[in-house]
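Everything on this sheet refers to the single structure shown next.
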Amino acid sequence: FNSLRLQIQTVNRGIVVVHSVQQGTDWFDNPVETSGQYAGAVIARTPQELVIMTPENAVEHADSIKVTFFDGQEVDGRMKQKDSISGMAIVSVNLGDLAEETRDKVQELILGNSYKVREGDLVVAVGGPSGMVYSVDYGFVSYISKNTQMVDRNNRVIYTDLSTNVSVGTFLVNTAGGLIGWAMEPRQESGGGIERM
């Protein structure tokens with residue numbers, strides 16, 4: 001487990017806190033600002049920006065977006081795209097807004113191959129499985145549904161015994177640290193299983 005723990009420490013360099021900032025007024029017409037916190041996963045780096053996947057809730061009603069990295073640095077984020085079917089959104093931050101040390105140490109999650117996942121495999125939930133960003137849970141794949149019908153496509157659904165928190169954001173990685181899925185709203189299927197990933 002020591003090597004797996006070190007692997008997750010590396011993965012956590014690619015986990016961020018996405019703050020959904022909303023402007024409003026209180027009963028006395030004083031301006032107030034509220035902020036929800038969500039987990040995000042850095043999934044790509046271009047010469048100009050970092051691309052972050054986060055729950056759709058993080059951007060749905062946001063007046064502005066802030067992103068906090070593993071070392072505490074906070075920068076502005078921009079919503080690029082959202083998908084209500086998957087429940088996920090894409091946010092980006094300018095690399096130029098980051099301090100050089102953060103820019104050098106942030107680690108985008110490598111994309112794993114979910115088609116190689118088998119029943120009985122050890123997997124890790126990162127992001128916010130306990131409802132707190134940077135929490136972690138370990139578990140096993142109990143079942144894989146290979147052709148689950150969704151609105152416009154068929155998906156693989158990985159069932160696990162992991163704790164997940166869909167609203168905060170939970171990402172599933174394999175033991176090599178590769179991203180292989182994310183938590184979705186559970187739904188009962190004819191076989192009685194619960195959709196987790």
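If you're wondering about the labels, chains in the structure tokens are A, B, ... by order shown, residues count from 1 in each chain, ligands from 1 in order shown.
Near Trp182 in chain A, within 8 Å and counting only C-alpha atoms, sit Gly169, Thr170, Phe171, Leu172 and Met197 of chain A, not including residues fewer than 4 positions from it in the same chain.
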List every residue of range 20-161 of chain A that DSSP, applied to the backbone, labels as alpha helix (DSSP H), and write the result as a PDB file with C-alpha atoms, in the first residue's frame.
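And here is the file that came out, result-v5.pdb:
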ATOM      1  CA  ASN A  57     -22.918  21.981 -10.347  1.00  0.00           C
ATOM      2  CA  ALA A  58     -19.664  23.935 -10.030  1.00  0.00           C
ATOM      3  CA  VAL A  59     -20.475  26.157 -12.998  1.00  0.00           C
ATOM      4  CA  GLU A  60     -24.258  25.945 -13.358  1.00  0.00           C
ATOM      5  CA  GLU A 100       6.165  29.146 -11.771  1.00  0.00           C
ATOM      6  CA  GLU A 101       6.524  26.686  -8.882  1.00  0.00           C
ATOM      7  CA  THR A 102       2.843  25.690  -9.066  1.00  0.00           C
ATOM      8  CA  ARG A 103       2.990  25.481 -12.870  1.00  0.00           C
ATOM      9  CA  ASP A 104       5.972  23.112 -12.659  1.00  0.00           C
ATOM     10  CA  LYS A 105       4.493  20.857  -9.951  1.00  0.00           C
TER      11      LYS A 105
END
> Of the residues A:Val173, A:Val123, A:Val106, A:Ala41, which is the one nearest to Val91 in chain A, using only C-alpha atoms?
Replying inline: A:Ala41
> Near Ala125 in chain A, within 12 Å and counting only C-alpha atoms, which residues show up once chain neighbours fewer than 2 positions away are dropped, as a ChimeraX atom specification?
Replying inline: /A:8,11-12,15,39,41,122-123,127-131,133-141,160-166,169-175,177-183,196-197
> Contacts of Ala99 in chain A at 12 Å or less, counting only C-alpha atoms, minus same-chain residues fewer than 5 places along, as a PyMOL selection string?
Replying inline: chain A and resi 69+71-75+94+104-106
> Just asking: which residues within range 3-100 of chain A are strand (DSSP E) according to DSSP, as JSON, numbers by chain?
Replying inline: {"A": [15, 16, 17, 18, 19, 20, 21, 22, 23, 24, 25, 31, 32, 33, 34, 35, 36, 37, 38, 39, 40, 41, 42, 43, 44, 45, 49, 50, 51, 52, 53, 54, 55, 64, 65, 66, 67, 68, 74, 75, 76, 77, 78, 79, 80, 81, 82, 83, 88, 89, 90, 91, 92, 93, 94]}
Dump C-alpha atoms for the selected residues as an mmCIF file, in the first residue's frame?
data_model
loop_
_atom_site.group_PDB
_atom_site.id
_atom_site.type_symbol
_atom_site.label_atom_id
_atom_site.label_comp_id
_atom_site.auth_asym_id
_atom_site.auth_seq_id
_atom_site.Cartn_x
_atom_site.Cartn_y
_atom_site.Cartn_z
ATOM 1 C CA ILE A 15 -6.790 17.641 -8.089
ATOM 2 C CA VAL A 16 -8.040 21.207 -7.531
ATOM 3 C CA VAL A 17 -10.802 22.964 -5.616
ATOM 4 C CA VAL A 18 -13.269 24.725 -7.912
ATOM 5 C CA HIS A 19 -15.095 27.568 -6.151
ATOM 6 C CA SER A 20 -18.471 28.472 -7.620
ATOM 7 C CA VAL A 21 -18.895 32.144 -6.648
ATOM 8 C CA GLN A 22 -22.359 33.689 -6.681
ATOM 9 C CA GLN A 23 -23.132 37.373 -6.063
ATOM 10 C CA GLY A 24 -26.285 38.392 -4.224
ATOM 11 C CA THR A 25 -27.754 40.636 -1.554
ATOM 12 C CA PRO A 31 -23.895 42.693 -1.242
ATOM 13 C CA VAL A 32 -22.948 39.131 -0.253
ATOM 14 C CA GLU A 33 -20.867 36.504 -1.959
ATOM 15 C CA THR A 34 -21.404 32.767 -1.548
ATOM 16 C CA SER A 35 -19.038 30.067 -2.714
ATOM 17 C CA GLY A 36 -19.569 26.349 -3.185
ATOM 18 C CA GLN A 37 -16.533 24.053 -3.269
ATOM 19 C CA TYR A 38 -16.148 21.223 -5.761
ATOM 20 C CA ALA A 39 -13.381 18.838 -6.764
ATOM 21 C CA GLY A 40 -11.794 19.214 -10.168
ATOM 22 C CA ALA A 41 -9.289 17.066 -12.048
ATOM 23 C CA VAL A 42 -6.642 18.574 -14.325
ATOM 24 C CA ILE A 43 -6.948 16.460 -17.470
ATOM 25 C CA ALA A 44 -4.864 18.374 -20.039
ATOM 26 C CA ARG A 45 -2.213 21.056 -20.460
ATOM 27 C CA GLU A 49 -3.923 26.780 -20.236
ATOM 28 C CA LEU A 50 -4.798 23.902 -17.946
ATOM 29 C CA VAL A 51 -8.053 22.069 -18.670
ATOM 30 C CA ILE A 52 -10.047 20.886 -15.645
ATOM 31 C CA MET A 53 -13.007 18.500 -15.415
ATOM 32 C CA THR A 54 -15.460 19.226 -12.584
ATOM 33 C CA PRO A 55 -19.115 18.532 -11.724
ATOM 34 C CA SER A 64 -17.432 33.685 -11.400
ATOM 35 C CA ILE A 65 -15.140 30.696 -10.876
ATOM 36 C CA LYS A 66 -12.007 30.441 -8.734
ATOM 37 C CA VAL A 67 -9.632 27.467 -8.822
ATOM 38 C CA THR A 68 -7.343 26.598 -5.902
ATOM 39 C CA GLU A 74 -5.927 30.526 -6.273
ATOM 40 C CA VAL A 75 -6.572 31.851 -9.792
ATOM 41 C CA ASP A 76 -9.569 32.740 -11.943
ATOM 42 C CA GLY A 77 -11.190 29.987 -13.978
ATOM 43 C CA ARG A 78 -13.431 30.085 -17.048
ATOM 44 C CA MET A 79 -16.224 27.706 -17.959
ATOM 45 C CA LYS A 80 -15.605 26.249 -21.409
ATOM 46 C CA GLN A 81 -18.275 23.574 -21.757
ATOM 47 C CA LYS A 82 -20.808 21.571 -19.762
ATOM 48 C CA ASP A 83 -22.699 18.360 -20.393
ATOM 49 C CA MET A 88 -19.619 17.194 -15.895
ATOM 50 C CA ALA A 89 -18.181 20.513 -17.039
ATOM 51 C CA ILE A 90 -14.855 21.751 -18.385
ATOM 52 C CA VAL A 91 -13.115 24.752 -16.776
ATOM 53 C CA SER A 92 -9.791 26.262 -17.841
ATOM 54 C CA VAL A 93 -7.172 28.466 -16.173
ATOM 55 C CA ASN A 94 -4.417 30.472 -17.841
#
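The space between CA of Arg13 in chain A and CA of Phe70 in chain A spans 5.8 Å.
Between CA of Glu119 in chain A and CA of Tyr143 in chain A the separation is 5.5 Å.
Ranking A:Glu108, A:Val126, A:Asp63, A:Gln48 by their shortest atom-to-atom distance to Leu95 in chain A, with only C-alpha atoms included, puts A:Gln48 first.
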